[in-house]
Amino acid sequence: MNYQELKEKLNLENIKYAENYELAPMTTLKIGGPARLYIELNDIPSAQKTIKLVSESGLPVFFLGGGSNLLIADEGFDGIVIKNKIEGISILNDSGNSNDLKVDNVEQQEKEEQKKLEARLMQVETDKYLSFDALNYDESDKEHIYVKVYSGTLLSYTIDQLIKNGITGLQWFAGIPGTIGGAVFNNIHGGTYYLSQYLAEIEIIDNNGDIKVLKVNDLDLDYDYSKLQESKSFILSAKLKLYKGDKEKAKDTAIKWAQSKVRVQPYNSAGSSFKNITKEEALKNNFLSNGWGYIIEKELDLKGFKYNGAQISTKHAAFVENLGSAKAEDVLYLFDLIYDKAKEKYNLTPKSEIFFLGFPLERIKKFL
Ligand SMILES: Cc1cc2nc3c(=O)[nH]c(=O)nc-3n(C[C@H](O)[C@H](O)[C@H](O)COP(=O)(O)OP(=O)(O)OC[C@H]3O[C@@H](n4cnc5c(N)ncnc54)[C@H](O)[C@@H]3O)c2cc1C
């Protein structure tokens, strides 16, 4: 199917679209050219129709959440961008198949404990890098409660609303921008926690427009990874297993954690540029940390390096900032610089924690 045929079908179904739609304002980096076709999803039935039609077209498609983990090419995206605006939070009274969920969650927690050992920062220079230990506490003795959150809901809003209702567990993810869909897609990490530790199941809309339920163990959740990154299915909702916890303590933690993030991380970025190296790689090189903030600042001496409108952040060297006029190519120039120096000096190959849209594969392949 070509674009003309798709547009005719969208018209027949009364699905609104825009052409040559500017995407930069929809990202935290504020960089990138337009989408050839742009569609917003506002409700489930039209989302099902849209996804079915677009899948049938065989044209390139990209699901956009909060745009907080994304670098879009200066030329834009020669395809269809589907912006997710399906929002809502419901507190579930019935805990469903609680036996299965309990087993899933324990296994997942064990898996994540293992990941934590390997991938989390060894805390150094806590005035510059975030120290989580002082805020961390255990609430696993609290009663569980299940909540369903639609994927277009902002994570920050979700945390806020749930805590107001006495539902805790997500306070560790305070200060992370983006939507619930993006959070699931990337299995976000906050402090020493992963979202997967609180995830029971998700709903997706498949290529036929049908809603399917996937259990947490079907998602291969890992550090910055979910199977959804391969399947490219649209995440519709997440069922979270949270706590009837101490709401004042959770609120206080969320505020303090978000404040400390804001203090040390630049929000005119797309998040941390590269995935932590393993603890073993760090030890082999005599590094004091396995995080790129430390490596870029102390080992590569690139903190604050500027190229046109882009800069390796002076707040936290793991982040590349848009100082106002940066192009995607300026950001990639800095990525190349870090990559080349890390490779040359330590034989490390930095892997991107950011997703790319609209670039030729050859340009970004080395970071994937
Ligand atoms: C200042 C700052 C701090 C950050 N701190 C952290 C942190 O502490 N921990 C952390 O893990 N991340 C962090 N991030 C990265 C980012 O905020 C998260 O990864 C966030 O979850 C991305 O969500 P989003 O909705 O913005 O996704 P987007 O950037 O819109 O998309 C990211 C990817 O998710 C896919 N996606 C989004 N929604 C859906 C959906 N409904 N269905 C299918 N695919 C979907 C997109 O196609 C894309 O591939 C930070 C970013 C910034 C700017």
# chains A, B, ... in the order shown; residues from 1 in each chain; ligands from 1
$ residues_near_ligand --ligand "ligand 1" --cutoff "8 Å" --atoms "only C-alpha atoms and all ligand atoms" --output "ChimeraX atom specification"
/A:27-29,62-70,84,151-152,154-155,173,175-191,194,204,224,228-229,232-237,261-262,265-272,353-356
$ residues_around --residues "stretch 9-14 of chain A" --least-positions-apart "3" --cutoff "8 Å" --atoms "only C-alpha atoms" --output "ChimeraX atom specification"
/A:5-6,17,49-50,53
$ closest_residue --among "A:Leu334, A:Ile39, A:Ile296, A:Met1" --to "A:Asn322" --atoms "only C-alpha atoms"
A:Leu334
$ closest_residue --among "A:Ala238, A:Ile205, A:Met26, A:Leu135" --to "A:Ser90" --atoms "only C-alpha atoms"
A:Ala238
$ atom_distance --atom1 "atom CA of A:Ile89" --atom2 "atom CA of A:Tyr150"
6.4 Å
$ closest_residue --among "A:Lys284, A:Lys247, A:Lys275, A:Lys30" --to "A:Phe319" --atoms "only C-alpha atoms"
A:Lys275
$ residues_around --residues "stretch 337-341 of chain A" --least-positions-apart "4" --cutoff "9 Å" --atoms "only C-alpha atoms" --output "ChimeraX atom specification"
/A:296,300,302,332-333,345-351,366-367
$ closest_residue --among "A:Ala134, A:Ala310, A:Ala282, A:Ile211" --to "A:Gly324" --atoms "only C-alpha atoms"
A:Ala310
$ decode --residues "stretch 10-44 of chain A" --atoms "N, CA and C atoms" --output "compact mmCIF listing (two decimals), in the first residue's frame"
# COMPACT_ATOMS: atom_id res chain seq x y z
N LEU A 10 -7.64 5.82 5.77
CA LEU A 10 -7.79 6.55 7.04
C LEU A 10 -9.00 7.49 6.96
N ASN A 11 -9.15 8.15 5.80
CA ASN A 11 -10.30 9.05 5.61
C ASN A 11 -11.62 8.27 5.75
N LEU A 12 -11.67 7.10 5.12
CA LEU A 12 -12.89 6.28 5.18
C LEU A 12 -13.25 5.91 6.61
N GLU A 13 -12.23 5.70 7.43
CA GLU A 13 -12.45 5.32 8.84
C GLU A 13 -12.56 6.54 9.75
N ASN A 14 -12.51 7.73 9.14
CA ASN A 14 -12.59 8.97 9.94
C ASN A 14 -11.43 9.15 10.91
N ILE A 15 -10.29 8.64 10.54
CA ILE A 15 -9.10 8.79 11.39
C ILE A 15 -8.29 9.99 10.89
N LYS A 16 -8.11 10.95 11.80
CA LYS A 16 -7.41 12.19 11.41
C LYS A 16 -5.91 11.95 11.34
N TYR A 17 -5.26 12.65 10.38
CA TYR A 17 -3.80 12.57 10.29
C TYR A 17 -3.28 13.93 9.83
N ALA A 18 -2.00 14.12 10.05
CA ALA A 18 -1.35 15.35 9.54
C ALA A 18 -0.14 14.92 8.73
N GLU A 19 0.23 15.77 7.75
CA GLU A 19 1.40 15.45 6.94
C GLU A 19 2.52 16.43 7.25
N ASN A 20 3.76 15.93 7.10
CA ASN A 20 4.93 16.78 7.36
C ASN A 20 4.87 17.43 8.73
N TYR A 21 4.63 16.64 9.73
CA TYR A 21 4.34 17.15 11.08
C TYR A 21 5.63 17.28 11.88
N GLU A 22 5.86 18.46 12.44
CA GLU A 22 7.10 18.72 13.20
C GLU A 22 7.14 17.89 14.48
N LEU A 23 8.22 17.17 14.67
CA LEU A 23 8.32 16.29 15.83
C LEU A 23 9.19 16.86 16.95
N ALA A 24 10.09 17.78 16.60
CA ALA A 24 11.04 18.28 17.61
C ALA A 24 10.35 18.75 18.90
N PRO A 25 9.24 19.51 18.80
CA PRO A 25 8.62 19.99 20.05
C PRO A 25 8.07 18.86 20.92
N MET A 26 7.93 17.68 20.35
CA MET A 26 7.36 16.56 21.12
C MET A 26 8.43 15.72 21.79
N THR A 27 9.67 16.22 21.79
CA THR A 27 10.76 15.50 22.44
C THR A 27 11.43 16.40 23.48
N THR A 28 12.10 15.79 24.43
CA THR A 28 12.79 16.59 25.45
C THR A 28 14.05 17.26 24.87
N LEU A 29 14.64 16.66 23.84
CA LEU A 29 15.82 17.26 23.21
C LEU A 29 15.47 18.42 22.29
N LYS A 30 14.21 18.43 21.84
CA LYS A 30 13.72 19.48 20.90
C LYS A 30 14.55 19.51 19.62
N ILE A 31 14.79 18.32 19.10
CA ILE A 31 15.62 18.18 17.89
C ILE A 31 14.89 17.25 16.92
N GLY A 32 15.11 17.50 15.61
CA GLY A 32 14.63 16.55 14.61
C GLY A 32 13.66 17.16 13.62
N GLY A 33 13.58 16.55 12.44
CA GLY A 33 12.69 17.01 11.38
C GLY A 33 11.29 16.41 11.52
N PRO A 34 10.47 16.59 10.47
CA PRO A 34 9.07 16.18 10.55
C PRO A 34 8.82 14.69 10.25
N ALA A 35 7.62 14.26 10.60
CA ALA A 35 7.15 12.92 10.20
C ALA A 35 6.36 13.07 8.91
N ARG A 36 6.53 12.13 8.02
CA ARG A 36 5.77 12.20 6.76
C ARG A 36 4.27 12.16 7.05
N LEU A 37 3.88 11.27 7.96
CA LEU A 37 2.46 11.18 8.36
C LEU A 37 2.42 11.08 9.88
N TYR A 38 1.44 11.75 10.50
CA TYR A 38 1.37 11.80 11.96
C TYR A 38 -0.08 11.55 12.38
N ILE A 39 -0.24 10.61 13.30
CA ILE A 39 -1.60 10.26 13.78
C ILE A 39 -1.58 10.22 15.30
N GLU A 40 -2.62 10.75 15.93
CA GLU A 40 -2.72 10.66 17.40
C GLU A 40 -3.74 9.61 17.79
N LEU A 41 -3.38 8.83 18.79
CA LEU A 41 -4.33 7.84 19.32
C LEU A 41 -4.95 8.42 20.59
N ASN A 42 -6.27 8.57 20.57
CA ASN A 42 -6.94 9.14 21.74
C ASN A 42 -7.86 8.16 22.45
N ASP A 43 -8.31 7.13 21.73
CA ASP A 43 -9.18 6.14 22.37
C ASP A 43 -8.89 4.75 21.81
N ILE A 44 -9.34 3.74 22.54
CA ILE A 44 -8.93 2.37 22.19
C ILE A 44 -9.51 1.89 20.85
